[in-house]
>>> print(open('my_file31.cif').read())   # mmCIF, C-alpha atoms and all ligand atoms
data_model
loop_
_atom_site.label_atom_id
_atom_site.label_comp_id
_atom_site.auth_asym_id
_atom_site.auth_seq_id
_atom_site.Cartn_x
_atom_site.Cartn_y
_atom_site.Cartn_z
CA MET K 1 -17.70 -56.71 -21.49
CA ARG K 2 -20.91 -54.99 -22.47
CA THR K 3 -20.77 -51.34 -21.51
CA THR K 4 -24.20 -50.64 -22.97
CA ILE K 5 -26.86 -48.95 -20.88
CA LYS K 6 -29.39 -51.35 -19.40
CA SER K 7 -31.40 -49.03 -17.17
CA ILE K 8 -31.56 -45.47 -15.88
CA ARG K 9 -33.57 -44.58 -12.81
CA ALA K 10 -33.93 -41.18 -11.15
CA ARG K 11 -35.39 -40.19 -7.79
CA GLU K 12 -36.07 -37.06 -5.77
CA ILE K 13 -33.74 -36.66 -2.77
CA LEU K 14 -32.84 -33.69 -0.53
CA ASP K 15 -29.82 -31.42 -0.79
CA SER K 16 -27.88 -29.77 2.04
CA ARG K 17 -30.50 -27.01 2.39
CA GLY K 18 -33.33 -29.54 2.66
CA THR K 19 -34.47 -28.68 -0.86
CA PRO K 20 -35.28 -31.43 -3.38
CA THR K 21 -32.75 -32.40 -5.99
CA ILE K 22 -32.29 -35.29 -8.37
CA GLU K 23 -30.27 -38.48 -7.98
CA VAL K 24 -29.72 -40.89 -10.87
CA ASP K 25 -28.76 -44.57 -10.89
CA MET K 26 -27.51 -46.16 -14.09
CA GLU K 27 -26.90 -49.85 -14.69
CA LEU K 28 -24.99 -51.35 -17.61
CA ASP K 29 -25.46 -54.72 -19.27
CA CYS K 30 -22.19 -55.91 -17.73
CA GLY K 31 -23.62 -55.19 -14.27
CA ALA K 32 -21.54 -52.05 -13.53
CA ARG K 33 -23.43 -49.19 -11.88
CA GLY K 34 -23.06 -45.43 -11.51
CA ARG K 35 -24.87 -43.06 -9.18
CA ALA K 36 -24.81 -39.25 -9.18
CA ALA K 37 -26.62 -36.39 -7.45
CA VAL K 38 -27.06 -32.86 -8.78
CA PRO K 39 -26.19 -29.67 -6.82
CA SER K 40 -28.11 -26.39 -6.81
CA GLY K 41 -27.14 -22.72 -6.43
CA ALA K 42 -28.70 -19.82 -4.51
CA SER K 43 -26.85 -16.92 -6.13
CA THR K 44 -27.63 -18.35 -9.54
CA GLY K 45 -26.51 -16.56 -12.71
CA VAL K 46 -29.33 -15.54 -15.06
CA HIS K 47 -27.51 -17.15 -17.98
CA GLU K 48 -27.26 -20.60 -16.39
CA ALA K 49 -28.92 -23.66 -17.92
CA VAL K 50 -32.38 -24.15 -16.42
CA GLU K 51 -32.98 -26.21 -13.31
CA LEU K 52 -36.45 -27.72 -13.75
CA ARG K 53 -38.68 -27.39 -10.68
CA ASP K 54 -42.28 -28.55 -10.37
CA GLY K 55 -43.81 -25.26 -9.25
CA ASP K 56 -46.52 -27.08 -7.30
CA THR K 57 -46.58 -24.92 -4.18
CA LYS K 58 -48.35 -27.59 -2.14
CA LYS K 59 -45.17 -29.65 -2.24
CA TYR K 60 -41.80 -28.31 -1.10
CA GLY K 61 -42.98 -24.77 -1.82
CA GLY K 62 -42.86 -25.47 -5.55
CA LYS K 63 -39.28 -26.74 -5.48
CA GLY K 64 -39.99 -30.44 -6.13
CA VAL K 65 -38.19 -32.09 -9.04
CA LEU K 66 -40.63 -34.90 -9.87
CA GLY K 67 -41.05 -33.54 -13.41
CA ALA K 68 -37.28 -33.76 -13.97
CA VAL K 69 -37.28 -37.26 -12.44
CA ASP K 70 -40.02 -38.24 -14.89
CA ASN K 71 -38.03 -36.85 -17.81
CA VAL K 72 -35.09 -39.07 -16.86
CA ASN K 73 -37.16 -42.20 -16.29
CA ASN K 74 -39.10 -41.86 -19.51
CA GLU K 75 -37.76 -39.71 -22.34
CA ILE K 76 -34.05 -39.81 -21.51
CA ALA K 77 -33.98 -43.47 -20.47
CA GLY K 78 -35.76 -44.37 -23.70
CA GLU K 79 -33.36 -42.35 -25.85
CA LEU K 80 -30.19 -43.72 -24.23
CA ALA K 81 -31.16 -47.38 -23.79
CA GLY K 82 -28.61 -49.65 -25.46
CA GLN K 83 -26.05 -46.86 -26.02
CA ASP K 84 -22.42 -47.52 -25.12
CA VAL K 85 -21.62 -45.59 -21.94
CA LEU K 86 -18.01 -45.10 -23.01
CA ASN K 87 -19.25 -42.55 -25.58
CA GLN K 88 -19.79 -39.76 -23.04
CA ALA K 89 -19.78 -37.01 -25.68
CA LEU K 90 -22.38 -38.84 -27.78
CA LEU K 91 -24.65 -39.50 -24.78
CA ASP K 92 -24.48 -35.83 -23.84
CA LYS K 93 -25.19 -34.74 -27.41
CA LEU K 94 -28.18 -37.07 -27.66
CA MET K 95 -29.65 -35.50 -24.50
CA ILE K 96 -28.94 -31.95 -25.69
CA ASP K 97 -30.67 -32.69 -29.01
CA LEU K 98 -33.57 -34.46 -27.30
CA ASP K 99 -34.09 -31.42 -25.08
CA GLY K 100 -33.98 -29.18 -28.13
CA THR K 101 -33.68 -25.81 -26.32
CA HIS K 102 -30.62 -23.57 -25.95
CA ASN K 103 -30.64 -23.73 -22.14
CA LYS K 104 -32.04 -27.20 -21.41
CA ASN K 105 -35.32 -25.78 -20.16
CA ARG K 106 -37.53 -28.55 -21.56
CA LEU K 107 -36.04 -31.64 -19.90
CA GLY K 108 -34.13 -29.67 -17.26
CA ALA K 109 -30.36 -29.27 -16.85
CA ASN K 110 -30.75 -31.08 -13.51
CA ALA K 111 -32.28 -34.13 -15.26
CA ILE K 112 -29.65 -34.16 -18.02
CA LEU K 113 -26.70 -33.57 -15.70
CA GLY K 114 -27.71 -36.36 -13.31
CA VAL K 115 -27.66 -38.83 -16.20
CA SER K 116 -24.44 -37.41 -17.65
CA MET K 117 -22.59 -37.77 -14.32
CA ALA K 118 -24.04 -41.22 -13.60
CA ALA K 119 -22.87 -42.36 -17.05
CA ALA K 120 -19.27 -41.27 -16.32
CA ARG K 121 -19.38 -43.10 -12.99
CA ALA K 122 -20.82 -46.27 -14.55
CA ALA K 123 -18.15 -46.17 -17.27
CA ALA K 124 -15.35 -45.80 -14.70
CA SER K 125 -16.80 -48.63 -12.69
CA ALA K 126 -17.10 -50.90 -15.75
CA LEU K 127 -13.44 -50.26 -16.57
CA ASN K 128 -12.52 -50.64 -12.91
CA VAL K 129 -10.63 -47.32 -12.75
CA PRO K 130 -11.22 -44.38 -10.41
CA LEU K 131 -13.38 -41.61 -11.87
CA TYR K 132 -10.49 -39.11 -12.00
CA LYS K 133 -8.47 -41.53 -14.13
CA TYR K 134 -11.40 -42.38 -16.39
CA LEU K 135 -11.99 -38.67 -17.10
CA GLY K 136 -8.36 -37.52 -17.08
CA GLY K 137 -6.17 -40.47 -18.09
CA SER K 138 -2.87 -41.50 -16.58
CA ASN K 139 -1.51 -37.94 -16.56
CA ALA K 140 -4.15 -36.80 -14.08
CA VAL K 141 -1.87 -36.28 -11.08
CA LEU K 142 -2.39 -32.65 -10.01
CA LEU K 143 -4.03 -32.15 -6.61
CA PRO K 144 -5.76 -28.76 -6.26
CA VAL K 145 -5.23 -26.09 -3.63
CA PRO K 146 -8.51 -26.05 -1.67
CA MET K 147 -10.25 -22.68 -1.61
CA MET K 148 -12.10 -22.81 1.69
CA ASN K 149 -14.97 -20.45 2.28
CA ILE K 150 -14.68 -19.79 6.01
CA MET K 151 -16.85 -16.67 6.25
CA ASN K 152 -20.22 -16.56 4.51
CA GLY K 153 -22.23 -13.47 3.65
CA GLY K 154 -24.81 -12.30 1.11
CA VAL K 155 -27.59 -14.72 0.20
CA HIS K 156 -25.66 -17.60 1.77
CA ALA K 157 -26.14 -15.98 5.17
CA ASN K 158 -29.51 -14.35 4.55
CA TRP K 159 -27.83 -10.89 4.37
CA GLN K 160 -27.23 -11.04 8.13
CA SER K 161 -23.48 -10.77 7.61
CA ALA K 162 -21.29 -9.05 4.98
CA ASP K 163 -22.58 -8.06 1.52
CA PHE K 164 -19.74 -10.05 0.01
CA GLN K 165 -20.79 -13.69 -0.23
CA GLU K 166 -17.54 -15.58 0.32
CA TYR K 167 -14.22 -15.11 2.11
CA MET K 168 -11.93 -18.02 1.36
CA ILE K 169 -8.54 -19.12 2.65
CA VAL K 170 -6.12 -20.60 0.14
CA PRO K 171 -3.40 -22.66 1.86
CA TYR K 172 -1.07 -22.73 -1.15
CA GLY K 173 2.13 -22.83 0.92
CA ALA K 174 1.49 -26.40 2.06
CA HIS K 175 3.52 -29.28 0.69
CA GLY K 176 0.65 -31.50 -0.34
CA PHE K 177 -3.12 -31.64 -0.30
CA ARG K 178 -3.31 -33.37 3.08
CA ASP K 179 -1.24 -30.60 4.67
CA ALA K 180 -3.26 -27.89 2.93
CA LEU K 181 -6.47 -29.36 4.31
CA ARG K 182 -4.99 -29.44 7.81
CA TRP K 183 -3.77 -25.84 7.58
CA GLY K 184 -7.22 -24.77 6.43
CA SER K 185 -8.98 -26.68 9.18
CA GLU K 186 -6.64 -25.28 11.85
CA THR K 187 -7.27 -21.77 10.60
CA TYR K 188 -11.03 -22.41 10.59
CA HIS K 189 -10.90 -23.48 14.23
CA ALA K 190 -8.66 -20.54 15.12
CA LEU K 191 -11.24 -18.26 13.49
CA LYS K 192 -13.94 -19.74 15.68
CA LYS K 193 -11.88 -18.78 18.74
CA VAL K 194 -11.22 -15.27 17.41
CA LEU K 195 -14.95 -14.78 16.78
CA LYS K 196 -15.87 -16.03 20.25
CA LYS K 197 -13.30 -13.75 21.86
CA GLU K 198 -14.68 -10.74 20.03
CA GLY K 199 -18.25 -11.58 21.02
CA HIS K 200 -19.41 -12.69 17.56
CA SER K 201 -21.80 -15.49 16.75
CA THR K 202 -20.25 -18.72 15.47
CA GLY K 203 -23.28 -20.04 13.58
CA VAL K 204 -22.47 -21.15 10.06
CA GLY K 205 -23.91 -20.34 6.64
CA ASP K 206 -24.82 -22.55 3.68
CA GLU K 207 -21.22 -23.36 2.79
CA GLY K 208 -20.06 -24.03 6.35
CA GLY K 209 -18.33 -20.68 6.91
CA PHE K 210 -19.12 -18.50 9.91
CA ALA K 211 -21.71 -15.81 9.38
CA PRO K 212 -21.45 -13.21 12.16
CA GLY K 213 -22.95 -9.74 11.87
CA VAL K 214 -20.14 -7.42 10.74
CA SER K 215 -19.93 -3.68 10.26
CA SER K 216 -18.16 -3.66 6.91
CA ASN K 217 -17.11 -5.93 4.07
CA GLU K 218 -13.51 -5.47 5.19
CA GLU K 219 -14.00 -6.70 8.76
CA PRO K 220 -14.07 -10.42 7.79
CA LEU K 221 -10.64 -9.94 6.18
CA ASP K 222 -9.20 -8.62 9.45
CA LEU K 223 -10.75 -11.51 11.38
CA ILE K 224 -9.31 -14.02 8.91
CA ILE K 225 -5.82 -12.49 9.10
CA LYS K 226 -5.96 -12.82 12.89
CA ALA K 227 -7.09 -16.46 12.55
CA ILE K 228 -4.29 -17.33 10.12
CA GLU K 229 -1.74 -15.86 12.56
CA GLU K 230 -3.37 -17.55 15.60
CA ALA K 231 -3.09 -20.86 13.77
CA GLY K 232 0.65 -20.23 13.36
CA TYR K 233 0.79 -19.39 9.66
CA GLU K 234 1.90 -16.29 7.80
CA PRO K 235 -0.75 -14.51 5.76
CA GLY K 236 0.37 -14.20 2.15
CA ARG K 237 3.32 -16.55 2.44
CA ASP K 238 1.55 -19.68 3.69
CA ILE K 239 -2.09 -18.85 3.19
CA GLY K 240 -3.65 -16.41 0.75
CA ILE K 241 -7.19 -15.08 0.57
CA ALA K 242 -9.82 -15.32 -2.15
CA ILE K 243 -13.09 -13.38 -2.19
CA ASP K 244 -16.32 -13.89 -4.07
CA PRO K 245 -18.54 -10.84 -3.59
CA ALA K 246 -21.10 -12.46 -5.97
CA SER K 247 -21.84 -8.88 -6.93
CA SER K 248 -24.74 -9.65 -9.27
CA GLU K 249 -26.73 -10.16 -6.06
CA PHE K 250 -26.31 -6.53 -4.98
CA TYR K 251 -26.32 -4.93 -8.44
CA ARG K 252 -29.38 -2.72 -8.97
CA ASP K 253 -30.05 -0.52 -12.02
CA GLY K 254 -26.42 0.03 -12.88
CA GLY K 255 -25.14 0.47 -9.31
CA TYR K 256 -23.62 -1.71 -6.61
CA LEU K 257 -25.63 -1.41 -3.42
CA LEU K 258 -23.51 -2.16 -0.36
CA ARG K 259 -25.90 -2.55 2.54
CA THR K 260 -23.30 -2.82 5.32
CA GLU K 261 -21.60 0.34 4.08
CA GLY K 262 -24.78 2.24 3.30
CA GLY K 263 -23.89 3.33 -0.21
CA GLU K 264 -24.25 2.71 -3.91
CA LEU K 265 -21.07 2.46 -5.96
CA THR K 266 -20.34 2.54 -9.70
CA ALA K 267 -18.24 -0.16 -11.37
CA ALA K 268 -15.26 2.24 -11.31
CA ASP K 269 -15.77 2.83 -7.56
CA MET K 270 -15.88 -0.92 -7.01
CA VAL K 271 -12.62 -1.35 -8.91
CA GLU K 272 -11.00 1.30 -6.66
CA LYS K 273 -12.30 -0.52 -3.63
CA TYR K 274 -10.93 -3.88 -4.81
CA ASP K 275 -7.60 -2.34 -5.69
CA SER K 276 -7.22 -0.97 -2.18
CA LEU K 277 -8.26 -4.31 -0.64
CA VAL K 278 -5.71 -6.14 -2.81
CA THR K 279 -3.02 -3.69 -1.69
CA LYS K 280 -3.88 -4.12 1.98
CA TYR K 281 -4.59 -7.86 2.18
CA PRO K 282 -3.00 -10.96 0.57
CA ILE K 283 -5.91 -11.41 -1.85
CA VAL K 284 -4.98 -13.67 -4.77
CA VAL K 285 -8.39 -14.33 -6.29
CA LEU K 286 -11.41 -12.09 -6.91
CA GLU K 287 -14.51 -13.82 -8.25
CA ASP K 288 -17.55 -12.01 -9.63
CA GLY K 289 -16.19 -8.66 -8.50
CA LEU K 290 -18.65 -7.10 -10.94
CA ALA K 291 -22.07 -8.18 -12.18
CA GLU K 292 -22.96 -10.82 -14.76
CA ASP K 293 -23.71 -8.41 -17.62
CA ASP K 294 -21.42 -5.53 -16.69
CA TRP K 295 -18.92 -6.30 -19.49
CA ASP K 296 -17.68 -2.71 -19.59
CA GLY K 297 -17.02 -2.73 -15.86
CA TRP K 298 -15.16 -6.03 -16.15
CA LYS K 299 -12.85 -4.48 -18.76
CA ILE K 300 -11.89 -1.75 -16.31
CA LEU K 301 -11.40 -4.34 -13.58
CA ASN K 302 -9.19 -6.55 -15.73
CA SER K 303 -7.03 -3.71 -16.97
CA ARG K 304 -6.44 -2.59 -13.38
CA LEU K 305 -5.98 -5.91 -11.57
CA GLY K 306 -5.65 -8.63 -14.24
CA ASP K 307 -1.87 -8.83 -14.02
CA LYS K 308 -1.87 -8.99 -10.22
CA ILE K 309 -4.51 -11.52 -9.22
CA GLU K 310 -6.89 -14.07 -10.67
CA LEU K 311 -10.13 -12.45 -11.80
CA VAL K 312 -12.71 -15.19 -12.05
CA GLY K 313 -16.02 -15.06 -13.88
CA ASP K 314 -18.74 -17.20 -12.31
CA ASP K 315 -22.16 -15.66 -13.06
CA LEU K 316 -20.41 -13.82 -15.90
CA PHE K 317 -19.42 -16.99 -17.80
CA VAL K 318 -21.73 -19.67 -16.32
CA THR K 319 -19.40 -22.44 -17.64
CA ASN K 320 -20.73 -21.56 -21.10
CA ILE K 321 -18.26 -21.72 -23.99
CA GLU K 322 -19.88 -18.87 -25.91
CA ARG K 323 -19.65 -16.52 -22.95
CA ILE K 324 -16.08 -17.61 -22.14
CA GLU K 325 -15.09 -17.01 -25.78
CA ARG K 326 -16.53 -13.51 -25.60
CA GLY K 327 -14.62 -12.95 -22.35
CA ILE K 328 -11.37 -14.02 -23.97
CA LYS K 329 -11.97 -11.86 -27.03
CA GLU K 330 -12.90 -8.79 -24.98
CA ASP K 331 -10.16 -9.41 -22.41
CA VAL K 332 -12.39 -8.98 -19.38
CA ALA K 333 -10.96 -11.58 -16.95
CA ASN K 334 -8.28 -14.25 -16.67
CA ALA K 335 -10.06 -17.19 -15.04
CA VAL K 336 -13.34 -19.03 -15.12
CA LEU K 337 -15.35 -20.78 -12.44
CA ILE K 338 -16.49 -24.25 -13.47
CA LYS K 339 -19.83 -25.61 -12.25
CA LEU K 340 -21.31 -28.69 -13.88
CA ASN K 341 -24.91 -27.67 -13.33
CA GLN K 342 -24.47 -24.22 -14.86
CA ILE K 343 -24.17 -25.88 -18.26
CA GLY K 344 -25.69 -29.31 -17.65
CA THR K 345 -23.44 -32.03 -19.12
CA VAL K 346 -20.03 -33.47 -18.26
CA SER K 347 -18.80 -33.04 -21.87
CA GLU K 348 -19.66 -29.33 -22.06
CA THR K 349 -18.05 -28.77 -18.65
CA ILE K 350 -14.83 -30.41 -19.83
CA ALA K 351 -14.92 -28.33 -23.01
CA ALA K 352 -15.20 -25.16 -20.91
CA VAL K 353 -12.13 -26.13 -18.85
CA ARG K 354 -10.17 -26.97 -22.00
CA LEU K 355 -11.04 -23.63 -23.58
CA ALA K 356 -9.82 -21.76 -20.49
CA GLN K 357 -6.60 -23.80 -20.38
CA LYS K 358 -5.94 -23.23 -24.10
CA TYR K 359 -5.75 -19.49 -23.42
CA ALA K 360 -3.75 -19.94 -20.20
CA TRP K 361 -6.72 -18.82 -18.13
CA GLY K 362 -7.27 -20.23 -14.68
CA ALA K 363 -10.09 -22.75 -14.19
CA MET K 364 -11.62 -23.33 -10.77
CA VAL K 365 -13.93 -26.24 -10.28
CA SER K 366 -16.65 -25.37 -7.78
CA HIS K 367 -19.42 -26.82 -5.62
CA ARG K 368 -22.79 -25.06 -5.29
CA SER K 369 -24.24 -23.66 -2.09
CA GLY K 370 -26.85 -26.46 -2.24
CA GLU K 371 -24.90 -29.73 -2.32
CA THR K 372 -25.15 -33.43 -1.63
CA VAL K 373 -22.41 -35.81 -0.54
CA ASP K 374 -21.66 -36.56 -4.20
CA SER K 375 -17.94 -35.85 -4.69
CA PHE K 376 -17.81 -35.85 -8.51
CA ILE K 377 -16.13 -32.42 -8.58
CA ALA K 378 -13.12 -33.69 -6.59
CA ASP K 379 -12.38 -36.24 -9.29
CA LEU K 380 -13.15 -33.75 -12.06
CA THR K 381 -10.64 -31.26 -10.65
CA VAL K 382 -7.84 -33.81 -10.67
CA ALA K 383 -8.90 -35.17 -14.06
CA MET K 384 -8.63 -31.72 -15.62
CA GLY K 385 -5.54 -30.62 -13.69
CA THR K 386 -7.09 -27.28 -12.76
CA GLY K 387 -5.11 -26.83 -9.54
CA HIS K 388 -8.04 -25.10 -7.81
CA LEU K 389 -11.12 -26.46 -6.05
CA LYS K 390 -13.79 -24.47 -4.24
CA SER K 391 -15.76 -26.65 -1.87
CA GLY K 392 -16.62 -24.46 1.09
CA ALA K 393 -15.41 -24.56 4.66
CA PRO K 394 -13.80 -27.64 6.21
CA CYS K 395 -17.17 -28.13 7.94
CA ARG K 396 -20.56 -29.72 7.00
CA GLY K 397 -20.59 -33.22 5.55
CA GLU K 398 -21.44 -32.22 1.98
CA ARG K 399 -18.44 -29.81 1.90
CA VAL K 400 -15.82 -32.04 3.52
CA GLU K 401 -16.78 -35.06 1.42
CA LYS K 402 -15.09 -33.42 -1.59
CA TYR K 403 -11.95 -32.73 0.43
CA ASN K 404 -12.02 -36.27 1.84
CA GLN K 405 -12.25 -37.66 -1.69
CA LEU K 406 -9.12 -35.67 -2.58
CA LEU K 407 -7.34 -37.31 0.37
CA ARG K 408 -8.28 -40.68 -1.10
CA ILE K 409 -7.10 -39.64 -4.56
CA GLU K 410 -3.81 -38.34 -3.16
CA GLU K 411 -3.31 -41.66 -1.41
CA ASP K 412 -4.22 -43.58 -4.58
CA LEU K 413 -1.69 -41.60 -6.64
CA GLY K 414 1.03 -42.10 -4.06
CA GLU K 415 4.37 -40.68 -5.19
CA ALA K 416 2.92 -39.62 -8.53
CA ALA K 417 0.75 -36.98 -6.82
CA VAL K 418 1.71 -33.34 -7.48
CA PHE K 419 0.30 -30.50 -5.35
CA ALA K 420 -0.63 -27.37 -7.33
CA GLY K 421 0.74 -25.05 -4.62
CA ARG K 422 1.49 -21.36 -4.86
CA LYS K 423 2.41 -21.24 -8.52
CA ALA K 424 -1.22 -22.01 -9.42
CA PHE K 425 -2.00 -18.52 -8.10
CA VAL K 426 0.93 -16.49 -9.34
CA ARG K 427 0.21 -14.20 -12.26
P1 LIG R 1 -24.23 -20.51 -5.48
O1 LIG R 1 -22.94 -19.76 -4.96
O2 LIG R 1 -23.94 -21.96 -5.55
O3 LIG R 1 -25.28 -20.14 -4.47
O4 LIG R 1 -24.53 -19.94 -6.84
C1 LIG R 1 -21.64 -20.16 -5.29
C2 LIG R 1 -20.87 -19.06 -5.95
O5 LIG R 1 -21.38 -17.95 -6.22
O6 LIG R 1 -19.70 -19.27 -6.25
ZN ZN R 2 -19.42 -17.26 -7.26
#
>>> encode(input="my_file31.cif", output="structure tokens", more="lines below")
Ligand code: PGA
Ligand code: ZN
Amino acid sequence: MRTTIKSIRAREILDSRGTPTIEVDMELDCGARGRAAVPSGASTGVHEAVELRDGDTKKYGGKGVLGAVDNVNNEIAGELAGQDVLNQALLDKLMIDLDGTHNKNRLGANAILGVSMAAARAAASALNVPLYKYLGGSNAVLLPVPMMNIMNGGVHANWQSADFQEYMIVPYGAHGFRDALRWGSETYHALKKVLKKEGHSTGVGDEGGFAPGVSSNEEPLDLIIKAIEEAGYEPGRDIGIAIDPASSEFYRDGGYLLRTEGGELTAADMVEKYDSLVTKYPIVVLEDGLAEDDWDGWKILNSRLGDKIELVGDDLFVTNIERIERGIKEDVANAVLIKLNQIGTVSETIAAVRLAQKYAWGAMVSHRSGETVDSFIADLTVAMGTGHLKSGAPCRGERVEKYNQLLRIEEDLGEAAVFAGRKAFVR
């Protein structure tokens, strides 16, 4: 069986926001194929690998990706032709070296990642194993607890709702993934009823969560608690809450500007605020509570809350080993968010997860607010045994496709499947 690369072809497609992104098809000499599409963020960290956009404002307002498509079809395809697709780490290294920059700004992290993911898919297909088994081996049996973003704020709701970007439910009390998904969906629908009853809008934001106007960043928590109870579950015991304020988005000149609350807070004030929220509500995860370069603030945050809940760095670490290493050394958090396109290759993403796991940190694989129906992250989560997956509300095709893929994986594993459950969140 010849697992060498015969052809690589990229094209410009649209993501869930109607913005261009890149899709890559790879074919091997044995006839196996792999296809992958690249996601895109809105609350992007400044330290992320660079997403190459055309900048030609006459097309898609400058957001086209034809340059990145060209880089795949010419330079990258030429470099990788004839390489064995089973050498994922080598393929990724060849692309990193070909790009030659520290943040993939020449060829584009979107171009490189599309090829990297398509290669993994083609390899799995050639070997006739599911992607999660190809990446994770026969011990890949852990199904994650879904972290479902059911209320959207910040840039994901055009600042029409809360300042905090994401309010997630975490149905860790369920007995398996299928149950967890059902509990989450029932709570989502109960929330819709609660919102209607209280005269709120039920329009949804970029990640499928509701985005009503609210008068404080705490109000969504009260609405969610009501919804959990309406759905017949017990907050804290059955379903916990995770929040992602994505605070870099409201950080200005050293202060945290909370529009709904009409005030600017210091990092220490923010920590006080989070501490009181954690005391009042069953919050088990706080992501990007402080801004991407506020390392001193993060130290205060971790010393106050690090032994109670998971403190996750998203914009802070950007799935970048050097930044995660600094975080471990300086003891600023205890978990890392994992996004393939923040770093730009499958191999580097896996290395970031392994680094977190080596130090007993949590690792949460995550979608982006701009997605496609590609469900690579569902397989990646199981492959790496992270126990956590963020893929938005149980609503909008590009969000539910990841959850649906986990249903298929759970079915494929049969009795071997293990559900991460509550212990994945206990500190
Ligand atoms: P983004 O948001 O994809 O818009 O960056 C997701 C997140 O902050 O977790
Ligand atoms: Zn985030």
>>> residues_near_ligand(input="my_file31.cif", ligand="ligand ZN 2 (chain R)", cutoff="6 Å", atoms="only C-alpha atoms and all ligand atoms", output="list in words")
Asp244, Ala246 and Asp314 of chain K
>>> residues_near_ligand(input="my_file31.cif", ligand="ligand LIG 1 (chain R)", cutoff="6 Å", atoms="all atoms listed in the file", output="number ranges by chain")
K: 41-44, 246, 368-369
>>> write_last_selection(input="my_file31.cif", atoms="C-alpha atoms", output="CSV table (one decimal), keeping the file's coordinate frame")
chain,number,residue,atom,x,y,z
K,41,GLY,CA,-27.1,-22.7,-6.4
K,42,ALA,CA,-28.7,-19.8,-4.5
K,43,SER,CA,-26.8,-16.9,-6.1
K,44,THR,CA,-27.6,-18.4,-9.5
K,246,ALA,CA,-21.1,-12.5,-6.0
K,368,ARG,CA,-22.8,-25.1,-5.3
K,369,SER,CA,-24.2,-23.7,-2.1
>>> residues_around(input="my_file31.cif", residues="K:Leu181", least_positions_apart="4", cutoff="9 Å", atoms="all atoms listed in the file", output="MDAnalysis selection string")
chainID K and resid 145:146 171 174 176:177 185:186 394 403 407
>>> closest_residue(input="my_file31.cif", among="K:Ile239, K:Arg17, K:Leu305, K:Val141", to="K:Thr279", atoms="only C-alpha atoms")
K:Leu305
>>> closest_residue(input="my_file31.cif", among="K:Arg259, K:Thr319, K:Met26, K:Arg252", to="K:Thr345", atoms="all atoms listed in the file")
K:Thr319
>>> closest_residue(input="my_file31.cif", among="K:Val382, K:Ile243, K:Leu258, K:Val318", to="K:Ala352", atoms="all atoms listed in the file")
K:Val318
>>> axis_aligned_box(input="my_file31.cif", around="stretch 68-86 of chain K", padding_each_side="5 Å", output="lines of an AutoDock Vina configuration file")
center_x = -29.0
center_y = -41.7
center_z = -19.2
size_x = 32.0
size_y = 25.9
size_z = 23.6
>>> residues_near_point(input="my_file31.cif", point="(-10.0, -36.1, -14.0)", cutoff="7 Å", atoms="all atoms listed in the file", output="list of chain:residue names")
K:Leu131, K:Tyr132, K:Lys133, K:Tyr134, K:Leu135, K:Gly136, K:Ala140, K:Asp379, K:Leu380, K:Thr381, K:Val382, K:Ala383, K:Met384
>>> atom_distance(input="my_file31.cif", atom1="atom CA of K:Ala10", atom2="atom CA of K:Gly67")
10.7 Å
>>> residues_around(input="my_file31.cif", residues="K:Pro39", least_positions_apart="5", cutoff="8 Å", atoms="only C-alpha atoms", output="list in words")
Asp15, Thr21, Asn341, His367, Arg368, Ser369, Gly370, Glu371 and Thr372 of chain K
>>> closest_residue(input="my_file31.cif", among="K:Leu91, K:Ala360, K:Leu98, K:Val72", to="K:Ser7", atoms="all atoms listed in the file")
K:Val72
>>> residues_near_point(input="my_file31.cif", point="(-20.7, -35.1, -2.5)", cutoff="7 Å", atoms="only C-alpha atoms", output="ChimeraX atom specification")
/K:371-376,398,401-402
>>> residues_around(input="my_file31.cif", residues="K:Ala157", least_positions_apart="5", cutoff="12 Å", atoms="only C-alpha atoms", output="CSV table (one decimal) with C-alpha atoms, in the coordinates of the input")
chain,number,residue,atom,x,y,z
K,42,ALA,CA,-28.7,-19.8,-4.5
K,43,SER,CA,-26.8,-16.9,-6.1
K,151,MET,CA,-16.8,-16.7,6.2
K,152,ASN,CA,-20.2,-16.6,4.5
K,162,ALA,CA,-21.3,-9.0,5.0
K,163,ASP,CA,-22.6,-8.1,1.5
K,164,PHE,CA,-19.7,-10.0,0.0
K,165,GLN,CA,-20.8,-13.7,-0.2
K,166,GLU,CA,-17.5,-15.6,0.3
K,203,GLY,CA,-23.3,-20.0,13.6
K,204,VAL,CA,-22.5,-21.2,10.1
K,205,GLY,CA,-23.9,-20.3,6.6
K,206,ASP,CA,-24.8,-22.6,3.7
K,207,GLU,CA,-21.2,-23.4,2.8
K,208,GLY,CA,-20.1,-24.0,6.4
K,209,GLY,CA,-18.3,-20.7,6.9
K,210,PHE,CA,-19.1,-18.5,9.9
K,211,ALA,CA,-21.7,-15.8,9.4
K,212,PRO,CA,-21.4,-13.2,12.2
K,213,GLY,CA,-23.0,-9.7,11.9
K,214,VAL,CA,-20.1,-7.4,10.7
K,369,SER,CA,-24.2,-23.7,-2.1
>>> closest_residue(input="my_file31.cif", among="K:Asp54, K:Asn149, K:Ala351, K:Ala109", to="K:Cys395", atoms="all atoms listed in the file")
K:Asn149
>>> residues_around(input="my_file31.cif", residues="K:Glu322", least_positions_apart="5", cutoff="12 Å", atoms="all atoms listed in the file", output="JSON, numbers by chain")
{"K": [47, 102, 316, 317, 327, 328, 329, 343, 348, 351, 352, 355, 356]}
>>> closest_residue(input="my_file31.cif", among="K:Glu23, K:Glu325, K:Asp288, K:Asp238", to="K:Gly114", atoms="all atoms listed in the file")
K:Glu23
>>> atom_distance(input="my_file31.cif", atom1="atom CA of K:Ser161", atom2="atom CA of K:Gly236")
24.7 Å
